[in-house]
$ cat structure36.cif   # mmCIF, C-alpha atoms and all ligand atoms
data_input
loop_
_atom_site.label_atom_id
_atom_site.label_comp_id
_atom_site.auth_asym_id
_atom_site.auth_seq_id
_atom_site.Cartn_x
_atom_site.Cartn_y
_atom_site.Cartn_z
CA MET W 1342 0.67 -25.29 -1.83
CA LYS W 1343 1.11 -22.63 -4.53
CA ILE W 1344 -0.78 -19.33 -4.40
CA LEU W 1345 -1.05 -16.86 -7.26
CA VAL W 1346 -1.23 -13.24 -6.08
CA VAL W 1347 -2.89 -10.83 -8.50
CA ASN W 1348 -2.91 -7.03 -8.33
CA ALA W 1349 -4.97 -5.66 -11.22
CA GLY W 1350 -5.08 -2.00 -12.22
CA SER W 1351 -6.98 -0.36 -15.07
CA SER W 1352 -4.30 -1.13 -17.67
CA SER W 1353 -1.93 -3.34 -15.69
CA LEU W 1354 -1.89 -6.70 -13.94
CA LYS W 1355 0.95 -7.65 -11.60
CA TYR W 1356 1.36 -11.18 -10.31
CA GLN W 1357 3.52 -13.40 -8.14
CA LEU W 1358 3.38 -17.16 -7.75
CA ILE W 1359 4.40 -18.08 -4.21
CA ASP W 1360 5.30 -21.52 -2.89
CA MET W 1361 3.76 -21.51 0.60
CA GLU W 1362 6.03 -24.27 1.97
CA THR W 1363 9.06 -22.01 1.56
CA GLU W 1364 7.22 -18.69 1.16
CA LYS W 1365 9.52 -18.07 -1.82
CA VAL W 1366 8.42 -16.27 -4.99
CA ILE W 1367 8.82 -18.81 -7.79
CA ALA W 1368 7.62 -16.60 -10.61
CA LYS W 1369 6.55 -13.00 -10.99
CA GLY W 1370 5.82 -10.38 -13.56
CA GLY W 1371 3.31 -7.99 -14.93
CA CYS W 1372 1.21 -7.04 -17.93
CA GLU W 1373 1.34 -3.45 -19.05
CA ARG W 1374 -0.82 -1.46 -21.44
CA ILE W 1375 -3.83 -3.79 -21.28
CA GLY W 1376 -6.47 -2.48 -23.69
CA ILE W 1377 -3.94 -0.08 -25.23
CA GLU W 1378 -1.68 -0.55 -28.24
CA GLY W 1379 1.74 -2.01 -27.39
CA SER W 1380 0.64 -4.42 -24.63
CA LEU W 1381 3.41 -6.48 -23.11
CA LEU W 1382 4.01 -9.06 -20.42
CA LYS W 1383 7.31 -9.19 -18.54
CA ALA W 1384 7.65 -12.60 -16.90
CA LYS W 1385 10.37 -13.86 -14.55
CA GLY W 1386 10.92 -17.48 -13.56
CA ASN W 1387 13.76 -20.02 -13.40
CA GLY W 1388 16.16 -17.12 -12.94
CA LYS W 1389 15.30 -15.82 -16.41
CA GLU W 1390 13.22 -12.98 -17.76
CA LYS W 1391 11.18 -12.99 -20.95
CA VAL W 1392 9.08 -10.28 -22.56
CA PHE W 1393 5.95 -11.34 -24.42
CA THR W 1394 4.60 -8.71 -26.80
CA GLN W 1395 1.11 -9.78 -27.75
CA PRO W 1396 -2.06 -7.74 -28.04
CA MET W 1397 -4.05 -7.73 -24.77
CA PRO W 1398 -7.43 -6.21 -25.56
CA ASN W 1399 -8.71 -7.03 -22.08
CA HIS W 1400 -7.80 -8.53 -18.69
CA LYS W 1401 -9.01 -12.00 -19.72
CA VAL W 1402 -6.40 -12.21 -22.45
CA ALA W 1403 -3.81 -10.80 -20.02
CA ILE W 1404 -4.46 -13.47 -17.39
CA GLU W 1405 -4.43 -16.19 -20.09
CA LEU W 1406 -0.99 -14.97 -21.15
CA VAL W 1407 0.20 -14.95 -17.53
CA LEU W 1408 -0.92 -18.57 -17.09
CA ASN W 1409 0.82 -19.52 -20.34
CA ALA W 1410 3.98 -17.77 -19.15
CA LEU W 1411 3.81 -19.76 -15.90
CA LYS W 1412 3.93 -22.92 -18.09
CA ASP W 1413 6.43 -21.50 -20.62
CA GLU W 1414 9.42 -23.72 -21.47
CA GLU W 1415 11.93 -21.00 -20.56
CA VAL W 1416 10.42 -18.97 -17.71
CA GLY W 1417 7.69 -21.43 -16.72
CA VAL W 1418 7.62 -22.98 -13.25
CA ILE W 1419 4.56 -25.25 -13.37
CA LYS W 1420 3.33 -27.99 -15.71
CA SER W 1421 -0.38 -27.45 -15.35
CA MET W 1422 -2.75 -24.89 -13.94
CA GLU W 1423 -3.99 -27.48 -11.43
CA GLU W 1424 -0.78 -26.80 -9.48
CA ILE W 1425 -2.16 -23.38 -8.51
CA ASP W 1426 -4.23 -24.01 -5.37
CA ALA W 1427 -5.81 -20.57 -5.07
CA VAL W 1428 -5.61 -16.97 -6.20
CA GLY W 1429 -5.36 -14.00 -3.82
CA HIS W 1430 -6.58 -10.71 -5.26
CA ARG W 1431 -5.58 -7.34 -3.88
CA MET W 1432 -8.62 -5.12 -3.35
CA VAL W 1433 -8.12 -1.52 -2.26
CA ALA W 1434 -11.43 -0.51 -0.69
CA SER W 1435 -13.93 -2.53 1.34
CA GLY W 1436 -16.20 0.12 2.79
CA GLU W 1437 -17.81 -1.33 5.90
CA TYR W 1438 -18.96 -4.36 3.92
CA PHE W 1439 -15.89 -6.55 4.41
CA ASN W 1440 -13.54 -6.44 7.38
CA LYS W 1441 -11.43 -9.47 6.59
CA THR W 1442 -10.07 -11.61 3.78
CA THR W 1443 -13.06 -13.04 1.95
CA LEU W 1444 -13.69 -15.99 -0.34
CA VAL W 1445 -15.14 -14.82 -3.67
CA THR W 1446 -18.74 -15.68 -4.52
CA GLU W 1447 -21.14 -14.03 -6.98
CA GLU W 1448 -22.81 -12.33 -4.02
CA VAL W 1449 -19.47 -10.93 -2.83
CA ILE W 1450 -18.79 -9.53 -6.31
CA LYS W 1451 -22.26 -7.98 -6.39
CA THR W 1452 -21.62 -6.22 -3.08
CA LEU W 1453 -18.24 -5.01 -4.35
CA GLU W 1454 -19.80 -3.63 -7.51
CA GLU W 1455 -22.84 -2.05 -5.92
CA LYS W 1456 -21.29 -0.71 -2.72
CA THR W 1457 -17.55 -0.19 -3.08
CA PHE W 1458 -16.97 1.04 -6.63
CA GLU W 1459 -17.95 4.60 -5.77
CA LEU W 1460 -15.58 4.51 -2.77
CA ALA W 1461 -12.55 3.68 -4.94
CA PRO W 1462 -13.45 4.37 -8.56
CA LEU W 1463 -9.85 4.17 -9.75
CA HIS W 1464 -8.95 0.95 -7.97
CA ASN W 1465 -11.84 -1.41 -7.29
CA PRO W 1466 -13.46 -1.60 -10.77
CA PRO W 1467 -10.24 -2.71 -12.54
CA ALA W 1468 -9.50 -5.14 -9.68
CA VAL W 1469 -12.93 -6.74 -10.17
CA THR W 1470 -12.35 -6.84 -13.93
CA GLY W 1471 -9.13 -8.75 -13.21
CA LEU W 1472 -10.94 -10.99 -10.75
CA ARG W 1473 -13.71 -11.86 -13.22
CA ALA W 1474 -11.14 -12.58 -15.93
CA CYS W 1475 -9.31 -14.90 -13.56
CA MET W 1476 -12.53 -16.70 -12.62
CA GLU W 1477 -13.32 -17.29 -16.30
CA VAL W 1478 -9.88 -18.64 -17.10
CA MET W 1479 -9.53 -20.65 -13.88
CA PRO W 1480 -13.01 -21.95 -13.07
CA GLY W 1481 -12.98 -24.10 -9.94
CA THR W 1482 -9.90 -22.45 -8.44
CA PRO W 1483 -10.75 -20.71 -5.14
CA MET W 1484 -10.29 -16.94 -5.21
CA ALA W 1485 -9.77 -14.74 -2.15
CA LEU W 1486 -10.05 -10.99 -1.77
CA VAL W 1487 -7.46 -9.37 0.47
CA PHE W 1488 -8.35 -5.79 1.32
CA ASP W 1489 -5.98 -2.87 1.94
CA THR W 1490 -8.44 -1.76 4.60
CA SER W 1491 -8.82 -4.95 6.70
CA PHE W 1492 -5.92 -4.32 9.08
CA HIS W 1493 -7.50 -0.97 9.97
CA ALA W 1494 -10.86 -2.51 10.88
CA THR W 1495 -9.77 -2.55 14.54
CA MET W 1496 -9.66 1.27 14.77
CA PRO W 1497 -12.02 2.58 17.43
CA GLU W 1498 -14.90 4.82 16.43
CA LYS W 1499 -13.21 7.89 17.94
CA ALA W 1500 -10.30 7.37 15.53
CA TYR W 1501 -12.16 6.61 12.33
CA LEU W 1502 -15.01 9.10 12.53
CA TYR W 1503 -14.90 12.55 10.98
CA GLY W 1504 -16.56 15.40 12.80
CA ILE W 1505 -19.59 15.38 10.54
CA ASP W 1506 -23.27 14.66 11.20
CA TYR W 1507 -23.31 11.12 12.60
CA GLU W 1508 -26.30 10.27 10.39
CA ASP W 1509 -24.26 11.09 7.29
CA TYR W 1510 -21.60 8.66 8.45
CA LYS W 1511 -24.30 6.03 9.00
CA ASN W 1512 -26.10 6.68 5.71
CA PHE W 1513 -23.16 7.17 3.38
CA GLY W 1514 -20.22 5.48 5.11
CA VAL W 1515 -18.16 8.68 5.13
CA ARG W 1516 -15.38 7.82 7.59
CA LYS W 1517 -11.70 6.94 7.70
CA TYR W 1518 -10.94 3.49 6.25
CA GLY W 1519 -7.16 3.57 5.86
CA PHE W 1520 -5.07 1.83 3.20
CA HIS W 1521 -1.76 -0.08 2.82
CA GLY W 1522 -3.13 -2.39 5.55
CA THR W 1523 -1.26 -5.45 4.31
CA SER W 1524 2.02 -3.54 4.55
CA HIS W 1525 1.36 -2.10 8.03
CA LYS W 1526 0.31 -5.56 9.21
CA PHE W 1527 3.39 -7.24 7.78
CA VAL W 1528 6.02 -4.81 9.05
CA SER W 1529 4.51 -4.47 12.54
CA ALA W 1530 4.46 -8.27 12.92
CA GLU W 1531 8.03 -8.50 11.58
CA ALA W 1532 9.13 -5.80 14.06
CA ALA W 1533 7.74 -7.81 16.99
CA LYS W 1534 9.49 -10.95 15.72
CA TYR W 1535 12.77 -9.08 15.27
CA LEU W 1536 12.58 -7.57 18.75
CA GLY W 1537 11.72 -10.97 20.25
CA LYS W 1538 8.49 -9.63 21.75
CA LYS W 1539 4.84 -10.55 21.52
CA PRO W 1540 2.85 -8.05 19.41
CA GLU W 1541 0.68 -7.44 22.51
CA GLU W 1542 3.69 -5.96 24.30
CA LEU W 1543 4.47 -3.27 21.74
CA LYS W 1544 3.36 0.20 20.71
CA ILE W 1545 4.62 0.71 17.17
CA VAL W 1546 4.31 3.49 14.60
CA THR W 1547 4.69 2.09 11.09
CA CYS W 1548 5.68 4.57 8.37
CA HIS W 1549 4.89 3.22 4.88
CA LEU W 1550 6.64 5.88 2.82
CA GLY W 1551 6.37 5.30 -0.91
CA ASN W 1552 4.78 7.10 -3.79
CA GLY W 1553 1.63 6.73 -1.73
CA SER W 1554 2.45 7.12 1.96
CA SER W 1555 0.60 6.30 5.15
CA ILE W 1556 1.43 6.05 8.82
CA SER W 1557 -0.28 3.76 11.33
CA ALA W 1558 -0.41 3.41 15.10
CA VAL W 1559 -0.24 -0.28 16.03
CA ASP W 1560 -0.94 -0.93 19.70
CA GLY W 1561 -0.68 -4.50 20.93
CA GLY W 1562 -0.65 -5.83 17.36
CA LYS W 1563 -3.83 -3.99 16.39
CA CYS W 1564 -4.19 -0.88 14.29
CA VAL W 1565 -5.68 1.93 16.37
CA ASP W 1566 -5.24 4.82 13.93
CA THR W 1567 -3.91 5.55 10.47
CA SER W 1568 -3.21 8.62 8.37
CA MET W 1569 -5.07 7.83 5.16
CA GLY W 1570 -8.79 8.40 5.28
CA PHE W 1571 -11.98 7.95 3.31
CA THR W 1572 -9.66 7.67 0.28
CA PRO W 1573 -5.86 7.44 -0.07
CA LEU W 1574 -5.73 11.22 -0.56
CA ALA W 1575 -5.53 11.96 3.16
CA GLY W 1576 -2.60 12.15 5.59
CA ILE W 1577 0.88 13.44 4.72
CA LEU W 1578 1.72 14.94 1.36
CA MET W 1579 2.91 12.23 -1.03
CA GLY W 1580 4.46 11.88 -4.51
CA THR W 1581 1.60 13.65 -6.27
CA ARG W 1582 -1.15 13.71 -3.59
CA SER W 1583 -1.68 16.76 -1.43
CA GLY W 1584 -2.47 14.88 1.78
CA ASP W 1585 -4.74 16.61 4.29
CA ILE W 1586 -6.22 19.92 3.17
CA ASP W 1587 -9.03 22.07 4.53
CA ALA W 1588 -12.19 20.94 2.67
CA SER W 1589 -13.12 24.60 2.08
CA ALA W 1590 -10.03 24.98 -0.11
CA VAL W 1591 -11.55 22.47 -2.57
CA GLU W 1592 -14.50 24.72 -3.30
CA PHE W 1593 -12.23 27.80 -3.35
CA LEU W 1594 -9.77 26.18 -5.79
CA ALA W 1595 -12.68 25.04 -7.98
CA ARG W 1596 -13.81 28.66 -8.29
CA LYS W 1597 -10.33 30.12 -8.82
CA LYS W 1598 -9.21 27.49 -11.34
CA GLY W 1599 -12.57 27.09 -13.12
CA MET W 1600 -12.69 23.41 -12.25
CA THR W 1601 -15.47 21.11 -11.14
CA HIS W 1602 -15.10 19.56 -7.68
CA ALA W 1603 -14.17 16.25 -9.34
CA GLU W 1604 -11.45 18.03 -11.31
CA VAL W 1605 -10.04 19.57 -8.14
CA ILE W 1606 -9.93 16.13 -6.48
CA ASN W 1607 -8.13 14.78 -9.54
CA TYR W 1608 -5.68 17.71 -9.31
CA LEU W 1609 -5.13 17.05 -5.58
CA ASN W 1610 -4.42 13.38 -6.38
CA LYS W 1611 -2.19 13.81 -9.42
CA LYS W 1612 -0.59 17.26 -9.53
CA CYS W 1613 0.19 18.10 -5.92
CA GLY W 1614 2.31 16.57 -3.15
CA VAL W 1615 6.08 16.85 -3.42
CA ALA W 1616 5.74 17.10 -7.21
CA GLY W 1617 3.56 20.19 -6.85
CA ILE W 1618 5.71 21.79 -4.14
CA SER W 1619 9.04 21.16 -5.89
CA GLY W 1620 7.82 21.71 -9.44
CA VAL W 1621 10.51 19.14 -10.30
CA SER W 1622 9.42 15.56 -9.65
CA SER W 1623 7.40 13.16 -7.52
CA ASP W 1624 10.44 10.90 -7.23
CA PHE W 1625 12.51 11.35 -4.07
CA ARG W 1626 15.76 10.55 -5.90
CA ASP W 1627 15.18 13.63 -8.11
CA LEU W 1628 14.24 15.76 -5.10
CA ILE W 1629 17.37 14.77 -3.19
CA ALA W 1630 19.53 15.47 -6.25
CA GLY W 1631 17.75 18.82 -6.73
CA ALA W 1632 18.18 19.83 -3.08
CA LYS W 1633 21.89 18.94 -3.26
CA LYS W 1634 22.27 21.34 -6.18
CA GLY W 1635 20.62 24.08 -4.14
CA ASN W 1636 17.03 23.92 -5.46
CA ALA W 1637 15.10 25.51 -2.58
CA ARG W 1638 11.73 24.04 -3.54
CA CYS W 1639 13.11 20.49 -3.69
CA LYS W 1640 14.45 21.07 -0.19
CA LEU W 1641 11.11 22.51 0.93
CA ALA W 1642 9.25 19.44 -0.40
CA LEU W 1643 11.63 17.15 1.51
CA ASP W 1644 11.30 19.26 4.66
CA MET W 1645 7.49 19.18 4.48
CA PHE W 1646 7.45 15.42 3.98
CA ALA W 1647 9.67 14.75 6.99
CA TYR W 1648 7.90 17.36 9.16
CA GLN W 1649 4.44 15.92 8.48
CA THR W 1650 5.65 12.35 9.03
CA LYS W 1651 7.25 13.37 12.34
CA LYS W 1652 4.02 15.01 13.49
CA TYR W 1653 2.15 11.74 12.90
CA VAL W 1654 4.75 9.77 14.86
CA GLY W 1655 4.42 12.19 17.77
CA SER W 1656 0.63 12.28 17.71
CA TYR W 1657 0.37 8.49 17.52
CA ALA W 1658 2.78 8.13 20.46
CA ALA W 1659 0.35 10.38 22.35
CA ALA W 1660 -2.68 8.42 21.10
CA MET W 1661 -1.15 5.12 22.28
CA GLY W 1662 0.30 6.59 25.49
CA GLY W 1663 3.79 5.45 24.61
CA LEU W 1664 6.11 4.31 21.87
CA ASN W 1665 8.46 1.29 21.68
CA CYS W 1666 9.31 1.20 18.01
CA ILE W 1667 9.22 3.17 14.76
CA VAL W 1668 9.30 1.19 11.52
CA PHE W 1669 10.23 2.65 8.13
CA THR W 1670 9.17 0.77 5.01
CA ALA W 1671 8.38 1.07 1.24
CA GLY W 1672 10.43 2.81 -1.48
CA ILE W 1673 11.34 5.94 0.47
CA GLY W 1674 11.24 4.40 3.95
CA GLU W 1675 13.62 1.61 2.93
CA ASN W 1676 16.01 3.60 0.74
CA THR W 1677 16.29 7.17 1.93
CA PRO W 1678 18.45 7.74 5.05
CA THR W 1679 18.08 11.54 4.87
CA VAL W 1680 14.29 11.30 5.20
CA ARG W 1681 14.54 8.84 8.12
CA GLU W 1682 17.06 11.10 9.88
CA ALA W 1683 14.89 14.19 9.36
CA VAL W 1684 11.82 12.36 10.72
CA CYS W 1685 13.65 11.16 13.84
CA ASP W 1686 15.39 14.48 14.47
CA GLY W 1687 13.37 16.24 17.17
CA LEU W 1688 11.86 13.04 18.55
CA GLN W 1689 14.67 12.70 21.12
CA PHE W 1690 12.20 13.82 23.81
CA LEU W 1691 10.25 10.61 23.15
CA GLY W 1692 13.39 8.52 23.63
CA VAL W 1693 14.35 8.20 19.95
CA LYS W 1694 18.11 8.14 19.35
CA LEU W 1695 19.31 7.36 15.86
CA ASN W 1696 22.56 5.54 15.07
CA LYS W 1697 23.51 7.80 12.16
CA GLN W 1698 26.08 5.37 10.77
CA ALA W 1699 23.65 2.44 10.79
CA ASN W 1700 21.01 4.67 9.23
CA LYS W 1701 23.33 5.39 6.29
CA ALA W 1702 24.03 1.72 5.50
CA LYS W 1703 22.76 0.49 2.14
CA ASN W 1704 19.44 -1.32 1.85
CA ASP W 1705 20.37 -5.01 1.57
CA GLY W 1706 16.80 -6.25 1.78
CA SER W 1707 17.15 -7.36 5.40
CA ILE W 1708 15.66 -5.91 8.59
CA ARG W 1709 17.98 -3.22 9.91
CA GLU W 1710 18.10 -1.63 13.35
CA ILE W 1711 19.07 2.01 12.94
CA SER W 1712 18.56 3.27 16.50
CA ALA W 1713 21.45 3.69 18.95
CA LYS W 1714 22.01 0.88 21.46
CA ASN W 1715 20.72 3.06 24.32
CA SER W 1716 17.71 4.39 22.38
CA LYS W 1717 14.49 3.80 24.37
CA VAL W 1718 12.57 3.59 21.11
CA LYS W 1719 13.82 1.05 18.58
CA VAL W 1720 13.95 2.34 15.02
CA LEU W 1721 13.81 -0.34 12.32
CA VAL W 1722 13.92 -0.44 8.53
CA ILE W 1723 11.82 -3.38 7.36
CA PRO W 1724 11.30 -4.23 3.69
CA THR W 1725 7.59 -4.61 3.12
CA ASN W 1726 6.07 -7.61 1.37
CA GLU W 1727 2.42 -7.03 0.58
CA GLU W 1728 2.23 -9.98 -1.82
CA LEU W 1729 3.36 -12.40 0.86
CA VAL W 1730 0.62 -11.15 3.20
CA ILE W 1731 -1.96 -11.66 0.44
CA ALA W 1732 -0.66 -15.18 -0.19
CA ARG W 1733 -0.61 -16.04 3.54
CA GLU W 1734 -4.14 -14.74 4.07
CA THR W 1735 -5.38 -16.66 1.03
CA ALA W 1736 -3.72 -19.87 2.24
CA GLU W 1737 -5.18 -19.34 5.73
CA LEU W 1738 -8.66 -18.89 4.31
CA LEU W 1739 -8.42 -22.22 2.49
P1 LIG X 1 4.53 2.85 -4.74
O1 LIG X 1 4.59 1.35 -4.50
O2 LIG X 1 3.61 3.58 -3.80
O3 LIG X 1 4.36 3.24 -6.16
P2 LIG X 1 7.29 2.81 -3.84
O4 LIG X 1 7.12 2.19 -2.51
O5 LIG X 1 7.95 2.03 -4.91
O6 LIG X 1 5.95 3.44 -4.36
O7 LIG X 1 8.14 4.15 -3.61
C1 LIG X 1 8.49 5.02 -4.65
C2 LIG X 1 9.38 6.11 -4.06
O8 LIG X 1 10.51 5.47 -3.44
C3 LIG X 1 9.92 7.08 -5.07
O9 LIG X 1 9.77 8.41 -4.58
C4 LIG X 1 11.39 6.75 -5.14
O10 LIG X 1 12.16 7.89 -5.32
C5 LIG X 1 11.68 6.15 -3.80
N1 LIG X 1 12.82 5.25 -3.94
C6 LIG X 1 12.81 4.02 -4.42
N2 LIG X 1 14.07 3.51 -4.44
C7 LIG X 1 14.86 4.46 -3.96
C8 LIG X 1 16.26 4.59 -3.72
N3 LIG X 1 17.09 3.58 -3.99
N4 LIG X 1 16.71 5.75 -3.20
C9 LIG X 1 15.86 6.76 -2.92
N5 LIG X 1 14.53 6.71 -3.12
C10 LIG X 1 14.05 5.58 -3.63
#
$ encode --input "structure36.cif" --output "structure tokens"
Amino acid sequence: MKILVVNAGSSSLKYQLIDMETEKVIAKGGCERIGIEGSLLKAKGNGKEKVFTQPMPNHKVAIELVLNALKDEEVGVIKSMEEIDAVGHRMVASGEYFNKTTLVTEEVIKTLEEKTFELAPLHNPPAVTGLRACMEVMPGTPMALVFDTSFHATMPEKAYLYGIDYEDYKNFGVRKYGFHGTSHKFVSAEAAKYLGKKPEELKIVTCHLGNGSSISAVDGGKCVDTSMGFTPLAGILMGTRSGDIDASAVEFLARKKGMTHAEVINYLNKKCGVAGISGVSSDFRDLIAGAKKGNARCKLALDMFAYQTKKYVGSYAAAMGGLNCIVFTAGIGENTPTVREAVCDGLQFLGVKLNKQANKAKNDGSIREISAKNSKVKVLVIPTNEELVIARETAELL
């Protein structure tokens, strides 16, 4: 069985074709600048890479080009589109309307459009545009929606509610939903496998630290709390997102900066986080280089990031009443030993003991144990694989 995984953004469309017998990626790539001048498709397959520069006025043309690339004589890996058994689409927000991977029907799309677009205006509309384009080009091929939020559907009410009027939660769905669910699900399951335990036996904190970052408490294989909220703006400070901030500061900043509330939210999403604190970059490689040269604000941004992450680990250990394992994943979690060390430093009282040498070893794409042999809490670095989760869930649904 071959599953095509599609992740569509407003001007981009990333894809992977996965052979489910081996769970290997047989082709992957992405379209950039859809609807903008200079559109291009970078496609990999057969160990080769090819760049197609053709106009892509919309997502339909983009997906047609992707399918052609999958059949291309150089980078192609299939002979006909019939070889693709199903398509799994990444969808960011579900609201309370979907709590698991869902087969696409017109009714499902209608619910997405009417109920979820306002919850994730930057993510869901382009994903549905990509989905519709795919349905047009591949009529008859089953399509599944895999939500970033599904893994968090097991959170108890006390964890996902905000302290607002309960009726407003009921009427408007204002609550914590969480994101990066496919990643938290994947790495927590991999951790259990690696440790030779059943998921039910473990209390794990998963730290997905990338440009967008979130931390989850996974108790007995189920998510019981997570740091992102109603939108991905909440939790720790990130590349350009502020993370948690007193809601009153939004109104105050709007007045001081002469912005509308929507403009302040845009500012909190795009101009803040470690980029705002450092004034240098959202990229941790630049921050580490800056801190090494003595830039105090780069160091401050790194300190804040590790401090806030550590606080989540500690609070989730308290929420679960114990901690067996911490997992680091995503761009920063997988590649930045200094951040991992700073997060773990001070957690000795919980039984966390880092093996500093193992922590410094290069990322070789495998699961790495970076805690000391006698550490009560295992600390693991696990490369995430969100596409594989989407493919697995799609295959399961079929
Ligand atoms: P997203 O998928 O949310 O866009 P990623 O998971 O790719 O983000 O993470 C991007 C972050 O990971 C950047 O801050 C980048 O600096 C960091 N990163 C990626 N690779 C490395 C590396 N080799 N060393 C240090 N940081 C890295």
$ closest_atom_pairs --input "structure36.cif" --of "chain W" --to "ligand LIG 1 (chain X)" --cutoff "6 Å" --atoms "all atoms listed in the file" --output "tab-separated table"
residue	atom	partner	partner_atom	distance
W:Gly1551	CA	X:LIG1	O7	3.4
W:Asn1552	CA	X:LIG1	O2	3.7
W:Gly1553	CA	X:LIG1	O2	4.3
W:Asp1624	CA	X:LIG1	O9	3.7
W:Phe1625	CA	X:LIG1	O10	3.7
W:Arg1626	CA	X:LIG1	O10	4.5
W:Ala1671	CA	X:LIG1	O4	4.1
W:Gly1672	CA	X:LIG1	O8	3.3
W:Ile1673	CA	X:LIG1	O8	4.0
W:Asn1676	CA	X:LIG1	N4	4.5
W:Thr1677	CA	X:LIG1	C9	4.9
$ closest_residue --input "structure36.cif" --among "W:Thr1482, W:Ser1380, W:Thr1601, W:Ser1712" --to "Ile1425 of chain W" --atoms "all atoms listed in the file"
W:Thr1482
$ closest_residue --input "structure36.cif" --among "W:Ser1622, W:Ser1716, W:Ser1554, W:Asn1440" --to "Phe1646 of chain W" --atoms "all atoms listed in the file"
W:Ser1554
$ residues_around --input "structure36.cif" --residues "Ala1468 of chain W" --least-positions-apart "6" --cutoff "10 Å" --atoms "all atoms listed in the file" --output "ChimeraX atom specification"
/W:1347-1351,1353-1354,1400,1430-1433,1474,1486
$ closest_residue --input "structure36.cif" --among "W:Thr1470, W:Thr1490, W:Ser1555, W:Asn1399" --to "Tyr1653 of chain W" --atoms "all atoms listed in the file"
W:Ser1555
$ residues_around --input "structure36.cif" --residues "Ser1707 of chain W" --least-positions-apart "4" --cutoff "9 Å" --atoms "all atoms listed in the file" --output "PDB file with C-alpha atoms, in the coordinates of the input"
ATOM      1  CA  VAL W1722      13.920  -0.440   8.530  1.00  0.00           C
ATOM      2  CA  ILE W1723      11.820  -3.380   7.360  1.00  0.00           C
ATOM      3  CA  PRO W1724      11.300  -4.230   3.690  1.00  0.00           C
TER       4      PRO W1724
END
$ decode --input "structure36.cif" --residues "segment 1398-1408 of chain W" --atoms "N, CA, C and O atoms" --output "short mmCIF file (atom, residue, chain, number, x, y, z; two decimals), in the first residue's frame"
data_model
loop_
_atom_site.label_atom_id
_atom_site.label_comp_id
_atom_site.auth_asym_id
_atom_site.auth_seq_id
_atom_site.Cartn_x
_atom_site.Cartn_y
_atom_site.Cartn_z
N PRO W 1398 -0.45 28.74 -10.61
CA PRO W 1398 -1.38 29.79 -10.18
C PRO W 1398 -2.22 29.37 -8.99
O PRO W 1398 -2.73 30.22 -8.27
N ASN W 1399 -2.38 28.06 -8.79
CA ASN W 1399 -3.21 27.61 -7.66
C ASN W 1399 -2.77 26.21 -7.21
O ASN W 1399 -1.91 25.58 -7.83
N HIS W 1400 -3.41 25.73 -6.14
CA HIS W 1400 -3.03 24.43 -5.56
C HIS W 1400 -3.34 23.26 -6.49
O HIS W 1400 -2.71 22.22 -6.41
N LYS W 1401 -4.37 23.45 -7.36
CA LYS W 1401 -4.73 22.35 -8.26
C LYS W 1401 -3.57 22.08 -9.23
O LYS W 1401 -3.18 20.92 -9.43
N VAL W 1402 -3.03 23.15 -9.78
CA VAL W 1402 -1.89 22.99 -10.69
C VAL W 1402 -0.71 22.38 -9.91
O VAL W 1402 0.00 21.50 -10.42
N ALA W 1403 -0.52 22.84 -8.68
CA ALA W 1403 0.60 22.33 -7.86
C ALA W 1403 0.48 20.82 -7.68
O ALA W 1403 1.45 20.08 -7.89
N ILE W 1404 -0.71 20.36 -7.30
CA ILE W 1404 -0.86 18.92 -7.04
C ILE W 1404 -0.75 18.12 -8.34
O ILE W 1404 -0.20 17.02 -8.36
N GLU W 1405 -1.20 18.71 -9.47
CA GLU W 1405 -1.01 18.03 -10.77
C GLU W 1405 0.48 17.85 -11.06
O GLU W 1405 0.91 16.79 -11.51
N LEU W 1406 1.24 18.90 -10.77
CA LEU W 1406 2.69 18.82 -11.01
C LEU W 1406 3.36 17.78 -10.09
O LEU W 1406 4.26 17.06 -10.51
N VAL W 1407 2.88 17.71 -8.85
CA VAL W 1407 3.42 16.72 -7.91
C VAL W 1407 3.16 15.31 -8.46
O VAL W 1407 4.07 14.46 -8.49
N LEU W 1408 1.93 15.07 -8.92
CA LEU W 1408 1.59 13.74 -9.45
C LEU W 1408 2.41 13.42 -10.69
O LEU W 1408 2.86 12.28 -10.87
#
